file run_17.txt (compact mmCIF, C-alpha atoms)
# COMPACT_ATOMS: atom_id res chain seq x y z
CA MET N 891 -121.21 -57.89 86.42
CA ASN N 892 -124.05 -55.47 86.02
CA THR N 893 -126.29 -57.69 83.94
CA VAL N 894 -127.55 -61.20 84.43
CA LEU N 895 -125.64 -62.45 81.40
CA SER N 896 -122.30 -61.01 82.44
CA ARG N 897 -122.72 -62.48 85.91
CA ALA N 898 -123.65 -65.83 84.41
CA ASN N 899 -120.58 -65.67 82.21
CA SER N 900 -118.14 -65.00 85.03
CA LEU N 901 -119.82 -67.57 87.26
CA PHE N 902 -119.56 -70.23 84.59
CA ALA N 903 -115.96 -69.40 83.76
CA PHE N 904 -114.96 -69.48 87.40
CA SER N 905 -116.70 -72.81 88.00
CA LEU N 906 -115.00 -74.29 84.97
CA SER N 907 -111.58 -73.16 86.16
CA VAL N 908 -112.23 -74.61 89.61
CA MET N 909 -113.34 -77.90 88.05
CA ALA N 910 -110.18 -78.05 85.97
CA ALA N 911 -108.08 -77.44 89.06
CA LEU N 912 -109.93 -80.22 90.89
CA THR N 913 -109.38 -82.63 88.03
CA PHE N 914 -105.70 -81.84 88.08
CA GLY N 915 -105.71 -82.41 91.84
CA CYS N 916 -107.34 -85.77 91.28
CA PHE N 917 -104.56 -86.68 88.88
CA VAL N 918 -101.84 -85.47 91.25
CA THR N 919 -103.17 -87.45 94.20
CA THR N 920 -102.96 -90.69 92.23
CA ALA N 921 -100.07 -90.10 89.86
CA PHE N 922 -97.39 -91.71 91.98
CA LYS N 923 -99.31 -94.69 93.21
CA ASP N 924 -97.96 -98.17 92.90
CA ARG N 925 -100.66 -100.21 91.23
CA ARG N 926 -98.82 -103.50 91.03
CA VAL N 927 -100.57 -106.50 92.42
CA PRO N 928 -99.24 -110.03 92.83
CA VAL N 929 -100.84 -112.38 90.35
CA ASP N 930 -100.74 -116.14 90.33
CA ILE N 931 -100.68 -117.70 86.87
CA HIS N 932 -100.81 -121.44 86.54
CA VAL N 933 -100.77 -123.27 83.24
CA SER N 934 -102.46 -126.61 83.44
CA LYS N 935 -102.33 -127.84 79.86
CA VAL N 936 -100.19 -127.07 76.85
CA MET N 937 -100.95 -128.34 73.40
CA LEU N 938 -99.07 -127.64 70.23
CA LYS N 939 -100.29 -128.03 66.71
CA ASN N 940 -98.81 -127.38 63.33
CA VAL N 941 -101.50 -126.04 61.07
CA ASP N 942 -101.92 -124.03 57.94
CA ASP N 943 -101.60 -120.35 58.56
CA PHE N 944 -103.68 -118.87 55.79
CA THR N 945 -102.69 -115.33 56.59
CA GLY N 946 -99.00 -115.74 56.00
CA PRO N 947 -96.87 -117.66 53.58
CA ARG N 948 -98.35 -120.96 52.54
CA GLU N 949 -96.53 -122.91 55.14
CA ARG N 950 -97.50 -124.60 58.29
CA SER N 951 -97.06 -122.56 61.43
CA ASP N 952 -97.06 -123.41 65.07
CA LEU N 953 -100.25 -122.87 66.97
CA GLY N 954 -100.25 -123.22 70.72
CA PHE N 955 -103.21 -123.91 72.97
CA LEU N 956 -102.99 -123.11 76.63
CA THR N 957 -105.31 -123.75 79.52
CA PHE N 958 -104.52 -121.60 82.47
CA ASP N 959 -105.72 -120.48 85.87
CA LEU N 960 -105.50 -116.90 86.98
CA SER N 961 -105.94 -115.76 90.50
CA SER N 962 -105.09 -112.77 92.56
CA ASP N 963 -105.72 -113.20 96.22
CA ILE N 964 -105.87 -109.65 97.31
CA LEU N 965 -108.85 -107.60 96.38
CA TRP N 966 -108.40 -105.27 93.49
CA ASN N 967 -110.13 -102.50 95.37
CA PRO N 968 -106.91 -100.64 96.27
CA ILE N 969 -106.33 -100.24 92.55
CA PHE N 970 -109.71 -98.67 92.06
CA ASP N 971 -109.11 -95.28 93.55
CA TRP N 972 -111.03 -92.22 92.46
CA ASN N 973 -109.00 -91.77 89.30
CA VAL N 974 -109.68 -95.18 87.80
CA LYS N 975 -112.56 -95.92 85.50
CA GLN N 976 -111.63 -99.40 84.42
CA LEU N 977 -108.78 -101.82 84.09
CA PHE N 978 -107.86 -103.55 80.90
CA LEU N 979 -106.12 -106.80 81.77
CA TYR N 980 -104.28 -108.82 79.22
CA LEU N 981 -102.27 -111.97 79.34
CA SER N 982 -99.33 -111.98 77.00
CA ALA N 983 -96.75 -114.55 76.06
CA GLU N 984 -93.20 -113.55 75.41
CA TYR N 985 -90.61 -115.75 73.82
CA ALA N 986 -87.58 -115.65 71.61
CA THR N 987 -87.19 -117.45 68.33
CA LYS N 988 -84.43 -117.72 65.80
CA SER N 989 -85.93 -115.06 63.60
CA ASN N 990 -87.05 -112.65 66.32
CA ALA N 991 -85.40 -111.87 69.59
CA LEU N 992 -88.70 -110.89 71.17
CA ASN N 993 -92.15 -112.12 70.26
CA GLN N 994 -95.16 -110.90 72.16
CA VAL N 995 -98.57 -112.43 71.68
CA VAL N 996 -101.67 -111.39 73.54
CA LEU N 997 -103.59 -114.50 74.46
CA TRP N 998 -106.45 -113.25 76.54
CA ASP N 999 -107.87 -110.03 77.88
CA LYS N 1000 -110.57 -108.79 80.16
CA ILE N 1001 -112.04 -105.45 81.12
CA ILE N 1002 -112.85 -104.85 84.77
CA LEU N 1003 -115.18 -101.94 85.30
CA ARG N 1004 -115.65 -99.95 88.46
CA GLY N 1005 -117.95 -101.62 90.90
CA GLU N 1006 -117.63 -105.07 89.43
CA ASN N 1007 -116.53 -108.02 91.44
CA THR N 1008 -112.89 -107.22 91.73
CA LYS N 1009 -111.61 -110.53 92.97
CA LEU N 1010 -109.83 -112.38 90.24
CA LYS N 1011 -110.26 -116.11 90.33
CA LEU N 1012 -110.46 -117.84 86.99
CA ARG N 1013 -110.02 -121.54 86.44
CA ASP N 1014 -109.38 -123.53 83.29
CA MET N 1015 -109.44 -120.54 81.03
CA LYS N 1016 -108.82 -121.03 77.37
CA SER N 1017 -106.98 -118.35 75.51
CA LYS N 1018 -109.21 -115.92 73.70
CA TYR N 1019 -106.93 -115.31 70.75
CA PHE N 1020 -104.87 -117.68 68.67
CA PHE N 1021 -101.36 -118.26 69.83
CA PHE N 1022 -99.83 -118.37 66.38
CA ASP N 1023 -96.15 -118.17 65.81
CA ASP N 1024 -95.05 -116.79 62.48
CA GLY N 1025 -92.98 -119.87 61.84
CA ASN N 1026 -92.03 -122.91 63.81
CA GLY N 1027 -90.65 -121.18 66.83
CA LEU N 1028 -93.00 -122.64 69.40
CA ARG N 1029 -91.98 -126.25 69.12
CA ALA N 1030 -89.49 -127.20 71.82
CA ASN N 1031 -89.21 -123.64 72.91
CA LYS N 1032 -87.86 -123.87 76.42
CA ASN N 1033 -88.83 -120.51 77.71
CA ILE N 1034 -92.22 -119.06 76.98
CA THR N 1035 -93.13 -116.50 79.59
CA LEU N 1036 -96.72 -115.66 80.40
CA SER N 1037 -97.38 -112.46 82.23
CA LEU N 1038 -100.45 -110.47 83.12
CA SER N 1039 -100.38 -106.71 82.60
CA TRP N 1040 -103.03 -104.07 82.74
CA ASN N 1041 -103.79 -100.62 81.56
CA VAL N 1042 -105.32 -98.34 84.12
CA VAL N 1043 -107.89 -96.14 82.42
CA PRO N 1044 -108.05 -92.93 84.43
CA ASN N 1045 -110.47 -90.03 84.74
CA ALA N 1046 -107.64 -87.61 84.18
CA GLY N 1047 -103.97 -87.93 83.49
CA ILE N 1048 -101.72 -90.53 82.02
CA LEU N 1049 -102.67 -94.06 81.00
CA PRO N 1050 -100.33 -96.19 83.07
CA LEU N 1051 -99.32 -99.64 81.96
CA VAL N 1052 -98.74 -101.88 84.96
CA ALA N 1053 -97.13 -105.27 84.90
CA GLY N 1054 -98.48 -107.64 87.48
CA SER N 1055 -95.82 -109.27 89.54
CA GLY N 1056 -95.81 -113.01 89.18
CA GLN N 1057 -95.13 -114.45 85.78
CA VAL N 1058 -94.70 -118.02 84.73
CA SER N 1059 -92.28 -119.55 82.28
CA LEU N 1060 -92.97 -122.87 80.68
CA PRO N 1061 -91.45 -125.11 78.06
CA PHE N 1062 -93.45 -126.12 75.05
CA PRO N 1063 -93.68 -129.74 73.94
CA GLU N 1064 -91.24 -131.26 71.54
CA SER N 1065 -93.80 -132.77 69.27
CA TYR N 1066 -96.95 -131.68 67.56
CA GLU N 1067 -100.33 -132.92 68.51
CA THR N 1068 -101.67 -134.99 65.66
CA THR N 1069 -104.87 -133.45 64.50
CA LYS N 1070 -107.49 -136.01 63.82
CA SER N 1071 -110.70 -134.43 64.94
CA TYR N 1072 -111.39 -131.37 62.90
CA MET I 548 -127.35 -53.95 90.97
CA ASP I 549 -125.10 -51.19 92.21
CA TYR I 550 -121.33 -51.27 92.37
CA LYS I 551 -121.06 -52.57 95.90
CA GLY I 552 -123.71 -55.17 95.08
CA GLN I 553 -121.66 -56.36 92.10
CA LYS I 554 -118.60 -56.75 94.26
CA LEU I 555 -120.65 -58.59 96.88
CA ALA I 556 -122.14 -60.90 94.26
CA GLU I 557 -118.71 -61.78 92.93
CA GLN I 558 -117.37 -62.51 96.37
CA ILE I 559 -120.40 -64.62 97.19
CA PHE I 560 -120.19 -66.87 94.15
CA GLN I 561 -116.44 -67.26 94.40
CA GLY I 562 -116.73 -68.18 98.04
CA ILE I 563 -119.51 -70.68 97.48
CA ILE I 564 -117.81 -72.41 94.58
CA LEU I 565 -114.43 -72.55 96.31
CA ILE I 566 -115.97 -73.96 99.49
CA SER I 567 -117.96 -76.55 97.56
CA ALA I 568 -114.82 -77.44 95.62
CA VAL I 569 -112.86 -78.05 98.80
CA ILE I 570 -115.70 -80.07 100.32
CA GLY I 571 -116.16 -82.06 97.14
CA PHE I 572 -112.45 -82.75 96.79
CA VAL I 573 -112.12 -84.04 100.34
CA TYR I 574 -115.33 -86.06 100.12
CA GLY I 575 -114.41 -87.56 96.76
CA LEU I 576 -110.94 -88.41 98.03
CA ILE I 577 -112.39 -90.16 101.06
CA ILE I 578 -115.01 -92.23 99.28
CA GLU I 579 -112.80 -92.66 96.18
CA GLN I 580 -115.44 -91.38 93.77
CA PHE I 581 -114.51 -88.43 91.62
CA GLY I 582 -118.08 -88.20 90.37
CA TRP I 583 -119.22 -86.95 93.74
CA THR I 584 -116.66 -84.17 93.59
CA VAL I 585 -118.17 -83.04 90.33
CA TYR I 586 -121.70 -83.27 91.70
CA ILE I 587 -120.83 -81.20 94.76
CA VAL I 588 -119.18 -78.51 92.66
CA LEU I 589 -122.22 -78.50 90.38
CA ALA I 590 -124.44 -78.08 93.43
CA GLY I 591 -122.34 -75.12 94.50
CA PHE I 592 -122.68 -73.73 91.01
CA ALA I 593 -126.46 -74.04 91.17
CA VAL I 594 -126.66 -72.40 94.59
CA SER I 595 -124.50 -69.49 93.54
CA CYS I 596 -126.55 -69.12 90.37
CA VAL I 597 -129.68 -68.73 92.47
CA LEU I 598 -127.96 -66.36 94.86
CA THR I 599 -126.14 -64.07 92.48
CA LEU I 600 -127.80 -64.13 89.07
CA PRO I 601 -131.05 -62.32 89.89
CA PRO I 602 -130.62 -58.77 91.19
CA TRP I 603 -131.81 -59.47 94.71
CA PRO I 604 -132.56 -56.48 96.98
CA MET I 605 -129.40 -57.09 99.00
CA TYR I 606 -127.34 -56.04 96.00
CA ARG I 607 -129.26 -52.75 95.78
CA GLN I 608 -128.46 -51.31 99.17
CA ASN I 609 -126.09 -48.60 97.91
CA PRO I 610 -127.73 -46.85 94.98
CA LEU I 611 -125.74 -44.19 93.18
CA PRO I 612 -126.53 -40.70 94.49
CA TRP I 613 -128.09 -39.11 91.46
CA GLN I 614 -128.53 -35.35 91.25
CA PRO I 615 -132.06 -34.27 91.92
CA ALA I 616 -134.15 -33.60 88.84
CA ILE I 617 -134.10 -29.99 87.79
CA PRO I 618 -137.56 -28.59 87.34
CA GLU I 619 -138.32 -27.52 83.81
CA THR I 620 -138.04 -23.78 83.13
CA SER I 621 -140.58 -22.06 80.96
CA GLY I 622 -138.06 -20.31 78.58
CA GLU I 623 -136.13 -23.28 77.16
CA PRO I 624 -138.21 -26.38 77.68
CA SER I 625 -135.81 -29.09 76.53
CA GLN I 626 -132.37 -27.54 76.17
CA LYS I 627 -131.19 -27.21 79.76
CA PRO I 628 -132.05 -30.61 81.19
CA GLN I 629 -130.22 -32.33 78.36
CA GLU I 630 -127.06 -30.36 79.08
CA THR I 631 -127.12 -31.26 82.73
CA LEU I 632 -127.67 -34.87 81.79
CA LYS I 633 -124.61 -34.83 79.57
CA LYS I 634 -122.52 -33.29 82.33
CA LYS I 635 -123.62 -35.97 84.72
CA LYS I 636 -122.65 -38.65 82.34
CA HIS I 637 -119.13 -37.32 82.06
CA LYS I 638 -118.79 -37.24 85.77
call {"tool": "encode", "arguments": {"input": "run_17.txt", "output": "structure tokens"}}
result
Amino acid sequence: MNTVLSRANSLFAFSLSVMAALTFGCFVTTAFKDRRVPVDIHVSKVMLKNVDDFTGPRERSDLGFLTFDLSSDILWNPIFDWNVKQLFLYLSAEYATKSNALNQVVLWDKIILRGENTKLKLRDMKSKYFFFDDGNGLRANKNITLSLSWNVVPNAGILPLVAGSGQVSLPFPESYETTKSY
Amino acid sequence: MDYKGQKLAEQIFQGIILISAVIGFVYGLIIEQFGWTVYIVLAGFAVSCVLTLPPWPMYRQNPLPWQPAIPETSGEPSQKPQETLKKKKHK
């Protein structure tokens, strides 16, 4: 402490320790928060095709097309506390087939940054990613469940995965859409 | 900077940084912005840098009481003062 450099050293080290303690405090204040939000998912149109899946075996696979509305009436602001940088929302479909007890396909996702418009109201959304089954498990599947989940990306601490309450189950059509307009 | 000044400087920067940390934590918690907490702590860091890094006169209020300089004797011009210096150092 008798020279400028030794004082600078201890000052810097002390500030760094205090900053680390504050960051931990930030994590502790938000670690046990419930970040679930009710979400309303509505599927307006379902279309099913049977097309060539060039990535897999040379057979035709089921490809689903969904048009859906997403809305969440309450503001998302309570989610955005001081330990949240962004939310990564994704809509996933879960269903069971003969070959797999659980299939999960991500259909759509969205990143919500801090300070963006946090009210979720989306109409007639098309899925961002292909809803391909690895066989023919989509046709006449009675129970395909869509649910919205999100990762909370924090400043410090764990990366929680939150499932939004409010999921929708829908049956898929019995027959394939005939593809004429390619 | 004398010994008491060093102690004072340490207490000053610890106090400033801890106070700014508490203020920043409460403020950031209220407005839900952790960035402001960091900024406030950085401001406290800057203030304490200005206050404690340079050897300001307030840290030099208690200088060490050195022995008075012994006037040079004519017989041994350089031998005696060096011995006294060495003794002082060991004290």
call {"tool": "atom_distance", "arguments": {"input": "run_17.txt", "atom1": "CA of Leu1003 in chain N", "atom2": "CA of Ser1039 in chain N"}}
result
15.8 Å
call {"tool": "atom_distance", "arguments": {"input": "run_17.txt", "atom1": "CA of Gln561 in chain I", "atom2": "CA of Thr893 in chain N"}}
result
17.3 Å
call {"tool": "interface_residues", "arguments": {"input": "run_17.txt", "of": "chain N", "to": "chain I", "cutoff": "9 Å", "atoms": "only C-alpha atoms", "output": "short mmCIF file (atom, residue, chain, number, x, y, z; two decimals) with C-alpha atoms, in the frame of the given file"}}
result
data_model
loop_
_atom_site.label_atom_id
_atom_site.label_comp_id
_atom_site.auth_asym_id
_atom_site.auth_seq_id
_atom_site.Cartn_x
_atom_site.Cartn_y
_atom_site.Cartn_z
CA MET N 891 -121.21 -57.89 86.42
CA ASN N 892 -124.05 -55.47 86.02
CA THR N 893 -126.29 -57.69 83.94
CA VAL N 894 -127.55 -61.20 84.43
CA LEU N 895 -125.64 -62.45 81.40
CA ARG N 897 -122.72 -62.48 85.91
CA ALA N 898 -123.65 -65.83 84.41
CA SER N 900 -118.14 -65.00 85.03
CA LEU N 901 -119.82 -67.57 87.26
CA PHE N 902 -119.56 -70.23 84.59
CA PHE N 904 -114.96 -69.48 87.40
CA SER N 905 -116.70 -72.81 88.00
CA VAL N 908 -112.23 -74.61 89.61
CA MET N 909 -113.34 -77.90 88.05
CA LEU N 912 -109.93 -80.22 90.89
CA THR N 913 -109.38 -82.63 88.03
CA GLY N 915 -105.71 -82.41 91.84
CA CYS N 916 -107.34 -85.77 91.28
CA THR N 919 -103.17 -87.45 94.20
CA PHE N 970 -109.71 -98.67 92.06
CA ASP N 971 -109.11 -95.28 93.55
CA TRP N 972 -111.03 -92.22 92.46
CA ASN N 973 -109.00 -91.77 89.30
CA ASN N 1045 -110.47 -90.03 84.74
#
call {"tool": "closest_residue", "arguments": {"input": "run_17.txt", "among": "N:Gln1057, N:Thr1068, N:Asn993, N:Asn899", "to": "Val929 in chain N", "atoms": "only C-alpha atoms"}}
result
N:Gln1057
call {"tool": "closest_residue", "arguments": {"input": "run_17.txt", "among": "N:Phe958, N:Phe1020, N:Phe917, N:Phe978", "to": "His932 in chain N", "atoms": "all atoms listed in the file"}}
result
N:Phe958
call {"tool": "atom_distance", "arguments": {"input": "run_17.txt", "atom1": "CA of Lys551 in chain I", "atom2": "CA of Tyr606 in chain I"}}
result
7.2 Å
call {"tool": "closest_residue", "arguments": {"input": "run_17.txt", "among": "N:Leu1051, N:Met937, N:Ala991, N:Ala986", "to": "Glu1067 in chain N", "atoms": "all atoms listed in the file"}}
result
N:Met937
call {"tool": "decode", "arguments": {"input": "run_17.txt", "residues": "range 923-948 of chain N", "atoms": "N, CA and C atoms", "output": "compact mmCIF listing (two decimals), in the first residue's frame"}}
result
# COMPACT_ATOMS: atom_id res chain seq x y z
N LYS N 923 -37.54 -17.60 -9.05
CA LYS N 923 -38.73 -16.96 -9.61
C LYS N 923 -39.48 -17.92 -10.51
N ASP N 924 -40.77 -17.76 -10.53
CA ASP N 924 -41.61 -18.54 -11.42
C ASP N 924 -41.79 -17.73 -12.70
N ARG N 925 -41.24 -18.23 -13.79
CA ARG N 925 -41.30 -17.45 -15.03
C ARG N 925 -42.31 -18.04 -16.00
N ARG N 926 -43.25 -18.79 -15.51
CA ARG N 926 -44.26 -19.34 -16.41
C ARG N 926 -45.31 -18.29 -16.73
N VAL N 927 -45.76 -18.33 -17.94
CA VAL N 927 -46.74 -17.36 -18.40
C VAL N 927 -47.79 -18.13 -19.19
N PRO N 928 -49.07 -17.81 -19.00
CA PRO N 928 -50.07 -18.49 -19.83
C PRO N 928 -49.96 -18.07 -21.29
N VAL N 929 -50.03 -19.03 -22.15
CA VAL N 929 -49.89 -18.80 -23.58
C VAL N 929 -51.09 -19.41 -24.28
N ASP N 930 -51.60 -18.71 -25.25
CA ASP N 930 -52.74 -19.20 -26.00
C ASP N 930 -52.25 -19.60 -27.40
N ILE N 931 -52.36 -20.87 -27.71
CA ILE N 931 -51.96 -21.36 -29.02
C ILE N 931 -53.22 -21.82 -29.75
N HIS N 932 -53.37 -21.36 -30.96
CA HIS N 932 -54.54 -21.75 -31.72
C HIS N 932 -54.06 -22.16 -33.11
N VAL N 933 -54.45 -23.34 -33.52
CA VAL N 933 -54.04 -23.83 -34.84
C VAL N 933 -55.21 -23.65 -35.78
N SER N 934 -55.00 -22.90 -36.84
CA SER N 934 -56.11 -22.61 -37.72
C SER N 934 -56.15 -23.55 -38.93
N LYS N 935 -55.01 -24.03 -39.35
CA LYS N 935 -55.04 -24.87 -40.55
C LYS N 935 -53.98 -25.95 -40.42
N VAL N 936 -54.36 -27.14 -40.81
CA VAL N 936 -53.44 -28.27 -40.79
C VAL N 936 -53.43 -28.88 -42.19
N MET N 937 -52.26 -29.12 -42.71
CA MET N 937 -52.17 -29.73 -44.01
C MET N 937 -51.11 -30.82 -43.93
N LEU N 938 -51.36 -31.90 -44.60
CA LEU N 938 -50.45 -33.03 -44.51
C LEU N 938 -50.07 -33.47 -45.91
N LYS N 939 -48.80 -33.63 -46.12
CA LYS N 939 -48.32 -34.09 -47.42
C LYS N 939 -47.43 -35.29 -47.21
N ASN N 940 -47.28 -36.02 -48.29
CA ASN N 940 -46.38 -37.18 -48.26
C ASN N 940 -45.37 -36.97 -49.37
N VAL N 941 -44.17 -36.59 -49.00
CA VAL N 941 -43.20 -36.16 -50.00
C VAL N 941 -41.91 -36.94 -49.82
N ASP N 942 -41.07 -36.81 -50.79
CA ASP N 942 -39.77 -37.46 -50.73
C ASP N 942 -38.90 -36.78 -49.69
N ASP N 943 -38.41 -37.58 -48.79
CA ASP N 943 -37.46 -37.06 -47.80
C ASP N 943 -36.07 -37.46 -48.26
N PHE N 944 -35.36 -36.50 -48.84
CA PHE N 944 -34.08 -36.84 -49.46
C PHE N 944 -32.98 -37.04 -48.44
N THR N 945 -33.26 -36.71 -47.19
CA THR N 945 -32.20 -36.89 -46.20
C THR N 945 -32.18 -38.31 -45.64
N GLY N 946 -33.31 -38.98 -45.69
CA GLY N 946 -33.37 -40.27 -45.05
C GLY N 946 -33.35 -41.39 -46.07
N PRO N 947 -33.98 -42.47 -45.73
CA PRO N 947 -34.12 -43.55 -46.71
C PRO N 947 -35.00 -43.09 -47.86
N ARG N 948 -34.81 -43.66 -48.98
CA ARG N 948 -35.53 -43.21 -50.18
C ARG N 948 -36.99 -43.65 -50.13
